[in-house]
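Novice: Pasting a structure here, questions to come.
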Amino acid sequence: MRTSNSTLVREWPMLVALATSALFFAFGRSWLANLSNPVWLVFMLVWPFAVILLTASSVVRHAESLAAKFGEPLGTLVLTLSITGIEVMMISSVMFTGEGHPALARDSVFGVAMIGLNGVIGLSLILGGMRYREQQYNLQGAQAFLAVLVPLLVLGLVLPNYTVSAAGPTMSPVQAGTQIVISIALYVVFLAIQNVRHREYFTAASDATEPGNPETRSPWYHFPLLLVYLLLIIHLAEQIAVPIDHGIDVLKLPPALGGLLVSVLVMTPEALSAVRAALSNELQRSVNLLLGSVLASTSLSIPAVLLIGFISGQTIILGLGPVEMILLLLTLAVSALTFASGRTNVLLGAVHLVLFLAYLMLIFEH
């Protein structure tokens with residue numbers, strides 16, 4: 001009885017998410033039918049957004065418990081794959097809502113890259129550097145992440161602007177099929193390196209076995225709850241897609257704002273975990289989480305959306321604009337410099353944070 005009560009107390013976010021999902025299931029159609037009132041529009045956006053963030057924090061909790069059970073890097077992989085699934089479902093929900101947004105996948109993947117490689121890494125390095133002056137990580141692991149990330153981001157988000165087989169910043173069917181195969185194949189090879197052949201690249205001797213995780217129980221306890229939370233997030237993502245679509249199409253907000261909202265929801269669980277790890281002087285876990293999440297988003301979300309485009313017949317715009325391309329290439333160059341020595345400090349974090357602020361500014365003012 002005592003264990004049952006403890007579980008109910010710990011899993012109270014599930015009750016909130018279930019209640020919200022039930023209300024939207026019963027009344028969502030009428031609630032979302034007319035969003036012309038700005039106050040009501042903001043409420044319909046903020047309410048599910050807040051519940052998704054709350055639910056995502058529980059995803060972090062259970063994923064971290066599994067990480068403590070399985071050890072690094074396999075534990076971190078559970079979280080990154082779970083969050084990538086959320087990203088694909090949210091992109092699909094918004095794409096199939098209203099008029100559809102063929103560039104949402106591009107904006108979302110770009111947003112994940114900017115948040116992960118600049119915003120959260122910058123914050124983690126600043127907070128960790130302020131507390132510990134310098135922090136260490138496994139250089140070989142970070143370079144392995146970047147070795148796969150750089151070509152996939154350039155092939156997926158830059159190259160479509162310069163190909164001539166398809167009109168505009170899109171891919172022809174042959175190019176899209178090749179991109180799908182390349183992305184998935186590279187990610188499979190990377191996973192084999194990360195989890196089988198060279199696990200030592202992604203661990204650090206200073207890493208704690210259980211970095212302040214919640215109470216760890218059997219995987220048969222954490223896996224089902226993790227799955228339930230993910231399913232709730234997917235359902236709520238379908239509801240929040242409507243006000244996002246309304247804001248972009250009717251209120252003429254910047255289209256990239258939709259991608260930012262999706263990427264914020266996607267990255268929040270890993271951002272919380274990464275910052276917490278940096279504050280505990282476990283920078284290796286932060287690197288695994290952040291670079292791993294950007295890699296999973298790039299290598300899995302783009303192929304998934306291209307497949308959706310094949311099935312639905314929708315045009316998928318992947319090529320970034322000139323300003324965004326410059327920012328992406330600058331971010332990759334700075335990341336290569338940051339993860340080149342095995343040590344980090346406050347200055348490196350400040351540089352990444354400045355690039356993230358530039359990204360936010362450029363969404364509204366090119």
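Following the order of the structure tokens, chains are lettered A, B, ..., residues in each are numbered from 1, and ligands are numbered from 1.
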Which residues are near stretch 17-24 of chain A? Cut-off 8 Å, only C-alpha atoms, ignore same chain within fewer than 3 positions. Put them as a list of chain:residue names.
Specialist: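 Once the adjacent positions are removed, what remains is A:Pro13, A:Met14, A:Phe27, A:Gly28, A:Arg29, A:Pro48, A:Val51, A:Ile52, A:Thr55, A:Leu232, A:His235, A:Leu236, A:Gln239.
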Novice: So that I can check the surroundings of A:Thr170, please list as number ranges by chain every protein, DNA and RNA residue that reaches within 10 Å of it, counting only C-alpha atoms and ignoring chain neighbours fewer than 6 positions away.
Specialist: A: 102-103, 156-157, 159-164, 176, 315-319
Novice: Closest to A:Glu282 among A:Ala204, A:Leu15, A:Leu81, A:Ala63, using only C-alpha atoms?
Specialist: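 The shortest atom-to-atom distance to A:Glu282 comes from A:Ala204.
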Novice: Rounded to one decimal place, report the atom CA of A:Pro269-atom CA of A:Pro303 distance in Å.
Specialist: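 If I compute the distance from atom CA of A:Pro269 to atom CA of A:Pro303, I get 22.8 Å.
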Novice: Write down as JSON, numbers by chain the residues of stretch 76-316 of chain A whose backbone DSSP state falls under alpha helix (DSSP H).
Specialist: {"A": [76, 77, 78, 79, 80, 81, 82, 83, 84, 85, 86, 87, 88, 89, 90, 91, 92, 93, 94, 95, 104, 105, 106, 107, 108, 109, 110, 111, 112, 113, 114, 121, 122, 123, 124, 125, 126, 127, 128, 129, 130, 131, 132, 139, 140, 141, 142, 143, 144, 145, 146, 147, 148, 149, 150, 151, 152, 153, 154, 155, 156, 157, 173, 174, 175, 176, 177, 178, 179, 180, 181, 182, 183, 184, 185, 186, 187, 188, 189, 190, 191, 192, 219, 220, 221, 222, 223, 224, 225, 226, 227, 228, 229, 230, 231, 232, 233, 234, 235, 236, 237, 238, 239, 240, 241, 242, 243, 244, 245, 246, 247, 248, 249, 256, 257, 258, 259, 260, 261, 262, 263, 264, 265, 266, 267, 268, 269, 270, 271, 272, 273, 274, 275, 276, 277, 278, 279, 283, 284, 285, 286, 287, 288, 289, 290, 291, 292, 293, 294, 295, 296, 302, 303, 304, 305, 306, 307, 308, 309, 310, 311, 312]}
